[in-house]
Structure formats: C-alpha cells, structure tokens
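Enquirer: As input, take protein.pdb (PDB, C-alpha atoms and all ligand atoms):
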ATOM      1  CA  MET R   1     -19.769 -11.860 -18.820  1.00  0.00           C
ATOM      2  CA  ASP R   2     -16.783 -13.535 -17.247  1.00  0.00           C
ATOM      3  CA  ILE R   3     -15.121 -12.913 -13.899  1.00  0.00           C
ATOM      4  CA  LEU R   4     -12.245 -10.898 -15.390  1.00  0.00           C
ATOM      5  CA  GLU R   5     -14.662  -8.421 -16.957  1.00  0.00           C
ATOM      6  CA  HIS R   6     -16.361  -7.903 -13.586  1.00  0.00           C
ATOM      7  CA  ILE R   7     -13.014  -7.390 -11.888  1.00  0.00           C
ATOM      8  CA  MET R   8     -12.186  -4.609 -14.383  1.00  0.00           C
ATOM      9  CA  MET R   9     -15.728  -3.166 -14.218  1.00  0.00           C
ATOM     10  CA  ARG R  10     -15.685  -2.762 -10.449  1.00  0.00           C
ATOM     11  CA  ARG R  11     -15.060   0.921  -9.918  1.00  0.00           C
ATOM     12  CA  SER R  12     -15.729   3.134  -6.905  1.00  0.00           C
ATOM     13  CA  ILE R  13     -19.197   4.621  -7.394  1.00  0.00           C
ATOM     14  CA  ARG R  14     -19.962   7.855  -5.568  1.00  0.00           C
ATOM     15  CA  SER R  15     -23.405   8.736  -6.979  1.00  0.00           C
ATOM     16  CA  TYR R  16     -26.457   6.462  -6.807  1.00  0.00           C
ATOM     17  CA  LEU R  17     -30.047   6.379  -8.076  1.00  0.00           C
ATOM     18  CA  ASP R  18     -32.858   6.583  -5.517  1.00  0.00           C
ATOM     19  CA  ILE R  19     -33.783   2.899  -5.965  1.00  0.00           C
ATOM     20  CA  GLU R  20     -33.664   0.336  -3.161  1.00  0.00           C
ATOM     21  CA  VAL R  21     -31.532  -2.778  -3.500  1.00  0.00           C
ATOM     22  CA  GLU R  22     -33.798  -5.838  -3.502  1.00  0.00           C
ATOM     23  CA  GLU R  23     -33.676  -8.160  -0.457  1.00  0.00           C
ATOM     24  CA  GLU R  24     -32.760 -11.075  -2.709  1.00  0.00           C
ATOM     25  CA  LYS R  25     -29.731  -9.199  -4.002  1.00  0.00           C
ATOM     26  CA  ILE R  26     -28.681  -8.237  -0.474  1.00  0.00           C
ATOM     27  CA  THR R  27     -28.715 -11.935   0.433  1.00  0.00           C
ATOM     28  CA  GLN R  28     -26.662 -12.748  -2.664  1.00  0.00           C
ATOM     29  CA  LEU R  29     -24.101 -10.080  -1.718  1.00  0.00           C
ATOM     30  CA  LEU R  30     -23.780 -11.602   1.750  1.00  0.00           C
ATOM     31  CA  GLN R  31     -23.509 -15.119   0.325  1.00  0.00           C
ATOM     32  CA  ALA R  32     -20.704 -13.953  -1.970  1.00  0.00           C
ATOM     33  CA  SER R  33     -19.005 -12.186   0.915  1.00  0.00           C
ATOM     34  CA  MET R  34     -19.074 -15.265   3.137  1.00  0.00           C
ATOM     35  CA  ALA R  35     -17.631 -17.372   0.315  1.00  0.00           C
ATOM     36  CA  ALA R  36     -14.304 -15.570   0.830  1.00  0.00           C
ATOM     37  CA  PRO R  37     -11.272 -17.439   2.127  1.00  0.00           C
ATOM     38  CA  THR R  38     -10.244 -16.988   5.780  1.00  0.00           C
ATOM     39  CA  ALA R  39      -7.162 -18.168   7.658  1.00  0.00           C
ATOM     40  CA  CYS R  40      -7.863 -21.693   8.936  1.00  0.00           C
ATOM     41  CA  ASN R  41     -11.447 -21.107   7.766  1.00  0.00           C
ATOM     42  CA  ASN R  42     -11.996 -19.162  11.002  1.00  0.00           C
ATOM     43  CA  GLN R  43     -14.645 -16.761   9.579  1.00  0.00           C
ATOM     44  CA  PRO R  44     -14.270 -13.971  12.190  1.00  0.00           C
ATOM     45  CA  TRP R  45     -16.656 -11.710  10.287  1.00  0.00           C
ATOM     46  CA  GLU R  46     -20.017 -10.152  11.070  1.00  0.00           C
ATOM     47  CA  PHE R  47     -22.092  -7.862   8.856  1.00  0.00           C
ATOM     48  CA  ILE R  48     -24.461  -5.006   9.629  1.00  0.00           C
ATOM     49  CA  VAL R  49     -26.924  -4.372   6.805  1.00  0.00           C
ATOM     50  CA  VAL R  50     -28.207  -0.801   6.863  1.00  0.00           C
ATOM     51  CA  ASN R  51     -30.947   0.354   4.501  1.00  0.00           C
ATOM     52  CA  ASP R  52     -33.084   2.342   6.910  1.00  0.00           C
ATOM     53  CA  LYS R  53     -32.894   5.895   5.566  1.00  0.00           C
ATOM     54  CA  GLU R  54     -32.658   7.530   8.992  1.00  0.00           C
ATOM     55  CA  ILE R  55     -29.792   5.312  10.177  1.00  0.00           C
ATOM     56  CA  LEU R  56     -28.037   5.631   6.811  1.00  0.00           C
ATOM     57  CA  ASN R  57     -28.197   9.409   7.086  1.00  0.00           C
ATOM     58  CA  LYS R  58     -26.783   9.354  10.602  1.00  0.00           C
ATOM     59  CA  LEU R  59     -23.940   7.145   9.387  1.00  0.00           C
ATOM     60  CA  ARG R  60     -23.237   9.261   6.297  1.00  0.00           C
ATOM     61  CA  ASN R  61     -23.133  12.445   8.350  1.00  0.00           C
ATOM     62  CA  LYS R  62     -20.308  11.004  10.464  1.00  0.00           C
ATOM     63  CA  LEU R  63     -18.159   9.991   7.493  1.00  0.00           C
ATOM     64  CA  THR R  64     -15.978  12.774   6.116  1.00  0.00           C
ATOM     65  CA  PHE R  65     -15.077  10.698   3.035  1.00  0.00           C
ATOM     66  CA  GLY R  66     -18.296   8.702   2.790  1.00  0.00           C
ATOM     67  CA  LYS R  67     -21.133  11.161   2.289  1.00  0.00           C
ATOM     68  CA  TYR R  68     -22.425   9.381  -0.830  1.00  0.00           C
ATOM     69  CA  ASN R  69     -26.142   8.726  -1.392  1.00  0.00           C
ATOM     70  CA  ALA R  70     -26.089   4.905  -1.588  1.00  0.00           C
ATOM     71  CA  PRO R  71     -29.371   3.265  -0.489  1.00  0.00           C
ATOM     72  CA  LEU R  72     -27.533   0.365   1.177  1.00  0.00           C
ATOM     73  CA  ALA R  73     -24.522   0.032   3.441  1.00  0.00           C
ATOM     74  CA  ILE R  74     -23.039  -3.287   4.478  1.00  0.00           C
ATOM     75  CA  VAL R  75     -20.659  -2.771   7.361  1.00  0.00           C
ATOM     76  CA  VAL R  76     -18.047  -5.534   7.461  1.00  0.00           C
ATOM     77  CA  CYS R  77     -16.857  -6.177  11.012  1.00  0.00           C
ATOM     78  CA  GLY R  78     -14.322  -8.425  12.704  1.00  0.00           C
ATOM     79  CA  ASN R  79     -15.513 -10.009  15.941  1.00  0.00           C
ATOM     80  CA  MET R  80     -12.469 -10.367  18.216  1.00  0.00           C
ATOM     81  CA  GLU R  81     -14.204 -13.094  20.216  1.00  0.00           C
ATOM     82  CA  LEU R  82     -14.438 -15.132  17.002  1.00  0.00           C
ATOM     83  CA  ALA R  83     -10.904 -14.185  15.911  1.00  0.00           C
ATOM     84  CA  LYS R  84      -9.378 -15.720  19.055  1.00  0.00           C
ATOM     85  CA  GLY R  85      -7.237 -18.853  19.110  1.00  0.00           C
ATOM     86  CA  GLY R  86      -4.099 -17.802  17.258  1.00  0.00           C
ATOM     87  CA  TYR R  87      -5.945 -16.356  14.268  1.00  0.00           C
ATOM     88  CA  GLU R  88      -6.550 -12.878  15.697  1.00  0.00           C
ATOM     89  CA  ASN R  89      -3.942 -11.201  13.507  1.00  0.00           C
ATOM     90  CA  TYR R  90      -5.596 -12.461  10.335  1.00  0.00           C
ATOM     91  CA  TRP R  91      -8.956 -10.791  10.866  1.00  0.00           C
ATOM     92  CA  VAL R  92      -8.080  -7.793   8.656  1.00  0.00           C
ATOM     93  CA  GLN R  93      -7.183 -10.009   5.683  1.00  0.00           C
ATOM     94  CA  ASP R  94     -10.219 -12.228   6.283  1.00  0.00           C
ATOM     95  CA  CYS R  95     -12.628  -9.299   6.414  1.00  0.00           C
ATOM     96  CA  SER R  96     -10.932  -7.532   3.488  1.00  0.00           C
ATOM     97  CA  ALA R  97     -11.459 -10.616   1.326  1.00  0.00           C
ATOM     98  CA  ALA R  98     -15.126 -10.588   2.391  1.00  0.00           C
ATOM     99  CA  MET R  99     -15.374  -6.901   1.532  1.00  0.00           C
ATOM    100  CA  GLU R 100     -13.843  -7.316  -1.926  1.00  0.00           C
ATOM    101  CA  ASN R 101     -16.256 -10.171  -2.652  1.00  0.00           C
ATOM    102  CA  ILE R 102     -19.186  -7.819  -1.916  1.00  0.00           C
ATOM    103  CA  LEU R 103     -17.821  -5.274  -4.397  1.00  0.00           C
ATOM    104  CA  LEU R 104     -17.265  -7.873  -7.122  1.00  0.00           C
ATOM    105  CA  ALA R 105     -20.644  -9.532  -6.527  1.00  0.00           C
ATOM    106  CA  ALA R 106     -22.290  -6.108  -6.770  1.00  0.00           C
ATOM    107  CA  SER R 107     -20.821  -5.729 -10.256  1.00  0.00           C
ATOM    108  CA  GLY R 108     -22.141  -9.185 -11.166  1.00  0.00           C
ATOM    109  CA  LEU R 109     -25.624  -8.177  -9.974  1.00  0.00           C
ATOM    110  CA  GLY R 110     -25.679  -4.947 -11.999  1.00  0.00           C
ATOM    111  CA  LEU R 111     -24.987  -2.756  -8.970  1.00  0.00           C
ATOM    112  CA  GLY R 112     -22.347  -0.147  -8.190  1.00  0.00           C
ATOM    113  CA  SER R 113     -20.378  -0.050  -4.966  1.00  0.00           C
ATOM    114  CA  ILE R 114     -17.576   1.601  -3.035  1.00  0.00           C
ATOM    115  CA  TRP R 115     -15.389   0.602  -0.093  1.00  0.00           C
ATOM    116  CA  ILE R 116     -15.383   3.234   2.661  1.00  0.00           C
ATOM    117  CA  GLY R 117     -12.430   2.681   4.973  1.00  0.00           C
ATOM    118  CA  VAL R 118     -13.064   2.604   8.726  1.00  0.00           C
ATOM    119  CA  TYR R 119     -10.338   0.519  10.441  1.00  0.00           C
ATOM    120  CA  PRO R 120      -7.648   1.414  11.522  1.00  0.00           C
ATOM    121  CA  LEU R 121      -8.660   5.065  12.049  1.00  0.00           C
ATOM    122  CA  PRO R 122      -9.985   5.627  15.618  1.00  0.00           C
ATOM    123  CA  SER R 123     -11.644   8.864  14.459  1.00  0.00           C
ATOM    124  CA  VAL R 124     -13.833   6.848  12.065  1.00  0.00           C
ATOM    125  CA  ILE R 125     -14.259   3.674  14.141  1.00  0.00           C
ATOM    126  CA  LYS R 126     -15.708   5.599  17.102  1.00  0.00           C
ATOM    127  CA  PRO R 127     -18.619   7.361  15.356  1.00  0.00           C
ATOM    128  CA  VAL R 128     -19.468   4.207  13.354  1.00  0.00           C
ATOM    129  CA  ARG R 129     -19.613   2.270  16.644  1.00  0.00           C
ATOM    130  CA  GLU R 130     -21.864   4.913  18.180  1.00  0.00           C
ATOM    131  CA  VAL R 131     -24.362   5.109  15.316  1.00  0.00           C
ATOM    132  CA  LEU R 132     -24.613   1.317  14.895  1.00  0.00           C
ATOM    133  CA  ASN R 133     -24.334   0.280  18.559  1.00  0.00           C
ATOM    134  CA  ILE R 134     -21.234  -1.870  17.928  1.00  0.00           C
ATOM    135  CA  PRO R 135     -19.592  -3.270  21.103  1.00  0.00           C
ATOM    136  CA  GLU R 136     -15.853  -2.948  21.874  1.00  0.00           C
ATOM    137  CA  TYR R 137     -15.006  -6.543  20.914  1.00  0.00           C
ATOM    138  CA  VAL R 138     -16.350  -6.009  17.395  1.00  0.00           C
ATOM    139  CA  ILE R 139     -14.288  -3.823  15.044  1.00  0.00           C
ATOM    140  CA  PRO R 140     -15.812  -2.262  11.916  1.00  0.00           C
ATOM    141  CA  LEU R 141     -13.291  -2.825   9.118  1.00  0.00           C
ATOM    142  CA  GLY R 142     -15.110  -0.906   6.430  1.00  0.00           C
ATOM    143  CA  ILE R 143     -18.389  -0.060   4.793  1.00  0.00           C
ATOM    144  CA  ALA R 144     -19.551  -1.303   1.390  1.00  0.00           C
ATOM    145  CA  TYR R 145     -21.973   1.210  -0.067  1.00  0.00           C
ATOM    146  CA  VAL R 146     -24.069  -0.469  -2.742  1.00  0.00           C
ATOM    147  CA  GLY R 147     -26.805   0.675  -5.110  1.00  0.00           C
ATOM    148  CA  TYR R 148     -27.893   1.294  -8.668  1.00  0.00           C
ATOM    149  CA  THR R 149     -25.310   3.597 -10.150  1.00  0.00           C
ATOM    150  CA  ASP R 150     -25.872   7.147 -11.327  1.00  0.00           C
ATOM    151  CA  GLU R 151     -22.443   7.517 -12.901  1.00  0.00           C
ATOM    152  CA  ASN R 152     -20.592   5.787 -15.683  1.00  0.00           C
ATOM    153  CA  LYS R 153     -17.052   4.688 -15.130  1.00  0.00           C
ATOM    154  CA  GLU R 154     -14.932   2.854 -17.650  1.00  0.00           C
ATOM    155  CA  PRO R 155     -13.690  -0.631 -16.816  1.00  0.00           C
ATOM    156  CA  ARG R 156      -9.947  -0.654 -16.369  1.00  0.00           C
ATOM    157  CA  THR R 157      -6.903  -2.328 -14.953  1.00  0.00           C
ATOM    158  CA  GLN R 158      -4.073  -0.362 -13.411  1.00  0.00           C
ATOM    159  CA  TYR R 159      -1.547  -2.889 -14.609  1.00  0.00           C
ATOM    160  CA  ASN R 160       1.987  -1.647 -14.142  1.00  0.00           C
ATOM    161  CA  GLU R 161       4.773  -3.957 -15.180  1.00  0.00           C
ATOM    162  CA  LYS R 162       7.265  -1.996 -13.051  1.00  0.00           C
ATOM    163  CA  ARG R 163       5.609  -3.458  -9.965  1.00  0.00           C
ATOM    164  CA  VAL R 164       6.283  -6.995 -11.085  1.00  0.00           C
ATOM    165  CA  TYR R 165       9.561  -8.816 -10.431  1.00  0.00           C
ATOM    166  CA  ASN R 166      10.707 -11.942 -12.129  1.00  0.00           C
ATOM    167  CA  GLN R 167      11.813 -14.746  -9.812  1.00  0.00           C
ATOM    168  CA  GLN R 168      13.536 -12.463  -7.227  1.00  0.00           C
ATOM    169  CA  TYR R 169      13.117  -8.931  -5.888  1.00  0.00           C
ATOM    170  CA  ALA R 170      15.443  -6.238  -7.307  1.00  0.00           C
ATOM    171  CA  THR R 171      16.194  -3.434  -4.825  1.00  0.00           C
ATOM    172  CA  THR R 172      17.723  -1.220  -7.532  1.00  0.00           C
ATOM    173  CA  ARG R 173      14.367  -0.379  -9.087  1.00  0.00           C
ATOM    174  CA  LYS R 174      12.857   2.984  -8.102  1.00  0.00           C
ATOM    175  CA  HIS R 175       9.215   3.864  -8.561  1.00  0.00           C
ATOM    176  CA  ARG R 176       6.473   6.111  -7.245  1.00  0.00           C
ATOM    177  CA  ALA R 177       3.672   4.964  -4.986  1.00  0.00           C
ATOM    178  CA  ARG R 178       1.351   5.786  -7.852  1.00  0.00           C
ATOM    179  CA  PRO R 179       1.669   7.645 -11.163  1.00  0.00           C
ATOM    180  CA  LYS R 180       2.335  11.393 -10.880  1.00  0.00           C
ATOM    181  CA  ASN R 181      -0.736  13.673 -10.995  1.00  0.00           C
ATOM    182  CA  LEU R 182      -3.171  10.765 -10.625  1.00  0.00           C
ATOM    183  CA  LYS R 183      -6.470  11.936  -9.155  1.00  0.00           C
ATOM    184  CA  HIS R 184      -7.600   9.512  -6.420  1.00  0.00           C
ATOM    185  CA  LEU R 185     -11.166   9.471  -7.812  1.00  0.00           C
TER
HETATM  186  C1  LIG R 201      -9.314   0.383   2.320  1.00  0.00           C
HETATM  187  C2  LIG R 201      -9.998   1.359   1.397  1.00  0.00           C
HETATM  188  C3  LIG R 201     -10.595   2.484   1.909  1.00  0.00           C
HETATM  189  C4  LIG R 201     -11.263   3.396   1.071  1.00  0.00           C
HETATM  190  N1  LIG R 201     -11.903   4.449   1.619  1.00  0.00           N
HETATM  191  C5  LIG R 201     -12.552   5.326   0.820  1.00  0.00           C
HETATM  192  C6  LIG R 201     -13.272   6.420   1.398  1.00  0.00           C
HETATM  193  O1  LIG R 201     -13.335   6.583   2.613  1.00  0.00           O
HETATM  194  N2  LIG R 201     -13.913   7.278   0.549  1.00  0.00           N
HETATM  195  C7  LIG R 201     -13.864   7.116  -0.814  1.00  0.00           C
HETATM  196  O2  LIG R 201     -14.464   7.952  -1.524  1.00  0.00           O
HETATM  197  N3  LIG R 201     -13.196   6.077  -1.383  1.00  0.00           N
HETATM  198  C8  LIG R 201     -12.558   5.182  -0.599  1.00  0.00           C
HETATM  199  N4  LIG R 201     -11.912   4.100  -1.159  1.00  0.00           N
HETATM  200  C9  LIG R 201     -11.952   3.889  -2.615  1.00  0.00           C
HETATM  201  C10 LIG R 201     -10.622   4.282  -3.300  1.00  0.00           C
HETATM  202  O3  LIG R 201     -10.492   5.688  -3.329  1.00  0.00           O
HETATM  203  C11 LIG R 201     -10.630   3.690  -4.727  1.00  0.00           C
HETATM  204  O4  LIG R 201     -10.700   2.289  -4.635  1.00  0.00           O
HETATM  205  C12 LIG R 201      -9.406   4.081  -5.540  1.00  0.00           C
HETATM  206  O5  LIG R 201      -9.388   5.464  -5.801  1.00  0.00           O
HETATM  207  C13 LIG R 201      -9.343   3.353  -6.897  1.00  0.00           C
HETATM  208  O6  LIG R 201     -10.501   3.602  -7.675  1.00  0.00           O
HETATM  209  P1  LIG R 201     -11.469   2.410  -8.141  1.00  0.00           P
HETATM  210  O7  LIG R 201     -12.041   1.766  -6.894  1.00  0.00           O
HETATM  211  O8  LIG R 201     -12.527   3.052  -8.985  1.00  0.00           O
HETATM  212  O9  LIG R 201     -10.647   1.419  -8.904  1.00  0.00           O
HETATM  213  C14 LIG R 201     -11.278   3.170  -0.340  1.00  0.00           C
HETATM  214  C15 LIG R 201     -10.661   2.016  -0.851  1.00  0.00           C
HETATM  215  C16 LIG R 201     -10.050   1.112  -0.001  1.00  0.00           C
HETATM  216  C17 LIG R 201      -9.440  -0.154  -0.564  1.00  0.00           C
END
Would you mind giving the structure from this file in structure tokens?
Ligand SMILES: Cc1cc2nc3c(=O)[nH]c(=O)nc-3n(C[C@H](O)[C@H](O)[C@H](O)COP(=O)(O)O)c2cc1C
Expert:
Amino acid sequence: MDILEHIMMRRSIRSYLDIEVEEEKITQLLQASMAAPTACNNQPWEFIVVNDKEILNKLRNKLTFGKYNAPLAIVVCGNMELAKGGYENYWVQDCSAAMENILLAASGLGLGSIWIGVYPLPSVIKPVREVLNIPEYVIPLGIAYVGYTDENKEPRTQYNEKRVYNQQYATTRKHRARPKNLKHL
C-alpha cells in the first residue's frame, strides 16, 4: 500500500482490542516519530511510552476527552531545555510533526491511533504532569493512543477546494470553519 493510502486510512480510533502492541512495533513507531523534520534539526522532543495498565488507567481517568481503552500511550513532549537557542518557538511544530508521524506509522503497522490534545490547555497539562512525573521544563504536547482497532472507519480525505487559493489570497471568499452539521467524531 502506498503512503497516500495510509494518509487517507489514518482515522481517529476510539475503541481498541485488548491486545498489547509488540515492543518491536513500539520501537518502529518511535523511529518513525523521530524521522520528522524539526526547525534547524533541533529535535526538542522527548517521549513517554506508557503500557503499564495501572498507569494507563490513572492517565485515562484524568482525561475528559481521552477515556479510550488503548493499550499503549505515547506522550509526545517538548523539552524546553532542548528547545533553547532561538528555536524555542518552533517546539510545537516540531513535536506535532513527530506526533503525526506516529499516527501515520501506526496505520502502516496495521494499528489504529488517535491524537489526544494536551498543550496548550493548563487543565490537561497539569494532571498529565502529575500522573507521569513530568518536570516543569518539559511540556506534554499530546498523547498518541495506539492499539489494534475495534472499530472500522472508512479512509477519506476532507478535500475542500474552497480552502485553496490560486497564486494569491482572495479576501472576498467566505466560508465556514467546517461544513455545517459535521459531527466531530
Ligand atoms: C491537536 C488535536 C487534539 C485532539 N484531541 C482529541 C481529544 O482530546 N479527544 C478526541 O477524542 N479526539 C481528539 N482529536 C482527534 C480529532 O477529533 C480528529 O482528528 C478529528 O475529528 C478528525 O477525525 P479523523 O482523525 O478521524 O480524521 C484531536 C486531534 C488533534 C489534531
């Protein structure tokens, strides 16, 4: 299958089978993640791999919009000590690229995944820090839940030609943030 098919196949999975993700696949997910581009190749990222059931449950219980039963969480963090030196403002893009690579690699490995947002919400950052013992100078950007999927979702694009301009921006065009009546799931 080619890369474009995996990009379309990546959907947010919110129900998982009770099967552990193999260590080899976890390593492959991390290798894919750390293949992402970063500003000036600064690589300000760090990753917390959580597959201990007790810690996963503690984490899940703190996440209002992340109570899904995935057997693996990879928490993508930006280390502000590593982001220093003029690159600090790029850490969100750098870590987001790393996060997206995890989700796409999961599809390539026959796994489902979902991005659970943490940064920039203090009400989510704080409990995640507490459960995972994350120091102040490290900021959790988001959580990739990964596992064997227990739901079928169709591949799709959300291509919308109205969002595309030719050569120059046209301020006269009006459009919605997203199509009317679209369910976020
Ligand atoms: C930054 C970010 C944060 C997200 N946070 C959550 C979340 O907390 N809970 C959740 O169920 N989905 C979350 N999602 C997944 C989106 O709801 C999902 O990507 C969107 O509805 C499109 O569906 P798709 O991923 O299947 O294409 C998040 C996605 C992004 C990019």
Enquirer: With only C-alpha atoms as the basis for distance, which of R:Pro127, R:Gly147, R:Gly112, R:Gly142 is at the shortest distance from Met9 in chain R?
Expert: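 Looking only at the distances to Met9 in chain R, the closest residue turns out to be R:Gly112.
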Enquirer: Name each residue within 8 Å of ligand LIG 201 (chain R), counting all atoms listed in the file, as a ChimeraX atom specification.
Expert: /R:10-14,63-66,114-118,142,153,156,183-185
Enquirer: On this structure, the PyMOL selection byres (((chain R and resi 18) around 9) and not hetatm) would catch which residues? List them as an MDAnalysis selection string, sorted by chain and number.
Expert: chainID R and resid 16:17 19:20 69:71 147:148
Enquirer: Hey, can you spit out that residue selection with C-alpha atoms as a PDB file, keeping the file's coordinate frame?
Expert:
ATOM      1  CA  TYR R  16     -26.457   6.462  -6.807  1.00  0.00           C
ATOM      2  CA  LEU R  17     -30.047   6.379  -8.076  1.00  0.00           C
ATOM      3  CA  ILE R  19     -33.783   2.899  -5.965  1.00  0.00           C
ATOM      4  CA  GLU R  20     -33.664   0.336  -3.161  1.00  0.00           C
ATOM      5  CA  ASN R  69     -26.142   8.726  -1.392  1.00  0.00           C
ATOM      6  CA  ALA R  70     -26.089   4.905  -1.588  1.00  0.00           C
ATOM      7  CA  PRO R  71     -29.371   3.265  -0.489  1.00  0.00           C
ATOM      8  CA  GLY R 147     -26.805   0.675  -5.110  1.00  0.00           C
ATOM      9  CA  TYR R 148     -27.893   1.294  -8.668  1.00  0.00           C
TER      10      TYR R 148
END
Enquirer: Just to confirm, what's the straight-line distance from CA of Ser33 in chain R to CA of Val21 in chain R in Å (one decimal)?
Expert: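 A separation of 16.3 Å between them.
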Enquirer: Evaluate the PyMOL selection byres (((chain R and resi 100) around 12) and not hetatm) here and jot the selected residues down as a VMD selection string.
Expert: chain R and resid 6 to 7 10 to 12 29 to 30 32 to 37 74 76 93 to 99 101 to 107 113 to 116 141 to 145
Enquirer: Compare R:Leu56, R:Lys126, R:Gly78, R:Thr157 by their minimum atom-to-atom distance to Val92 in chain R, counting all atoms listed in the file, and give me the closest one.
Expert: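 Using all atoms listed in the file, the shortest distance to Val92 in chain R belongs to R:Gly78.
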